[in-house]
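Visitor: Shown below is the structure under consideration.
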Amino acid sequence: MTEQLAARTREILERPRPEESEEQRAREKAVVHECRYLMRLLSTRRRSEGEMRGRLAEREVPADVAHEAMARIARAGLIDDAAFARDWVQQRRSLRALGDEALRRELEARRVDAELIEAALSDGQSDEEQRCRELVRSRIDHRDRERLREERDGSHRRRLSRRLDALLTRKGYPGDLAVHVIAGELRAAAEDPAA
């Protein structure tokens with residue numbers, strides 16, 4: 001059996017290869033060049049398939065070369081949009097305290113499929129209201145608490161409320177949730193100096 005396998009291998013290796021045309025060699029060289037470019041992109045961080053296709057389009061890579069380069073990257077197992085979306089959501093929630101709507105917009109901009117976005121947002125879902133409360137609490141400092149307790153006209157409360165609302169809007173939290181959380185946290189801050 002081993003001798004047969006060795007003979008078959010020798011036969012395959014010794015078989016004359018068809019000559020490649022100059023055009024085929026040039027195309028292969030272009031595909032390899034673009035694969036290397038994509039590998040450099042992936043060496044810095046995980047990327048979505050749509051992001052990589054977009055980068056190839058920006059470089060004005062011919063469609064057949066881009067398609068082949070992406071196919072080779074996919075066959076190597078280097079494209080996983082589901083894992084990309086999960087990692088993106090987890091990282092952006094922990095580092096930037098972003099709400100689901102902002103995360104959805106960011107993933108859509110990176111051309112991730114809607115089903116994968118929804119799965120990533122619901123995967124290991126931490127409570128959006130709790131994240132929103134923690135963010136608001138982190139932005140109310142000791143001076144704000146003192147001013148909230150001492151003020152009579154509500155001007156600082158309104159100013160702080162507008163500032164917090166703008167922050168939560170930028171972070172992608174829904175407006176009704178933002179209003180509810182801000183009101184509760186400002187009330188708690190005014191009543192309890194250690195809150």
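Ordering of the structure tokens sets the chain letters (A, B, ...); residue numbers start at 1 within each chain; ligands are numbered from 1 in the order shown.
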Residues at most 12 Å from Leu135 (chain A), counting only C-alpha atoms, excluding those fewer than 2 positions away in the same chain, as a list in words?
Guide: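 Contacts, in chain order: Arg93, Ser94, Leu95, Arg96, Ala97, Leu98, Gly99, Glu128, Glu129, Gln130, Arg131, Cys132, Arg133, Arg137, Ser138, Arg139, Ile140, Asp141, Leu164, Asp165, Leu167, Leu168, Lys171, Tyr173, Ala178, Val181, Ile182 and Glu185 of chain A.
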Visitor: Under the rule of at most 10 Å, produce a per-residue listing of region 104-136 of chain A near region 46-70 of chain A: chain, number, name, the closest pair of atoms, and the distance in Å, as a tab-separated table, using only C-alpha atoms.
Guide:
residue	atom	partner	partner_atom	distance
A:Leu107	CA	A:Ser48	CA	8.9
A:Glu108	CA	A:Gly50	CA	9.5
A:Ala109	CA	A:Glu51	CA	8.5
A:Arg110	CA	A:Glu51	CA	5.3
A:Arg111	CA	A:Gly50	CA	4.7
A:Val112	CA	A:Gly50	CA	6.6
A:Asp113	CA	A:Gly50	CA	9.1
Visitor: Go through A:Val136, A:Ala85, A:Leu38, A:Arg92 one by one, measure the shortest atom-to-atom distance of each to Leu177 (chain A) using only C-alpha atoms, and give the residue with the smallest value.
Guide: A:Val136
Visitor: Out of region 20-76 of chain A, which residues get helix (DSSP H, G or I) from DSSP, as a VMD selection string?
Guide: chain A and resid 22 to 44 49 to 58 63 to 75
Visitor: For Ala71 (chain A), which residue out of A:Glu34, A:Glu20, A:Asp192, A:Leu5 is the nearest one, using only C-alpha atoms?
Guide: A:Glu34
Visitor: When distances are computed from only C-alpha atoms, which of A:Trp88, A:Leu41, A:Leu186, A:Val31 shows the smallest separation from Glu106 (chain A)?
Guide: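 Distance minimum relative to Glu106 (chain A) lands on A:Trp88.
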Visitor: Just give me the gap between CA of Leu78 (chain A) and CA of Lys29 (chain A) in Å, one decimal is fine.
Guide: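 Computing the Euclidean distance for CA of Leu78 (chain A) and CA of Lys29 (chain A) yields 20.5 Å.
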Visitor: Quick one: pull the distance between CA of Ala190 (chain A) and CA of Glu146 (chain A), Å, one decimal.
Guide: 7.5 Å
Visitor: Between A:Asp123, A:Glu23, A:Asp144, A:Glu115, single out the one closest to Gln90 (chain A), counting only C-alpha atoms.
Guide: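 Closest to Gln90 (chain A), using only C-alpha atoms: A:Asp123.
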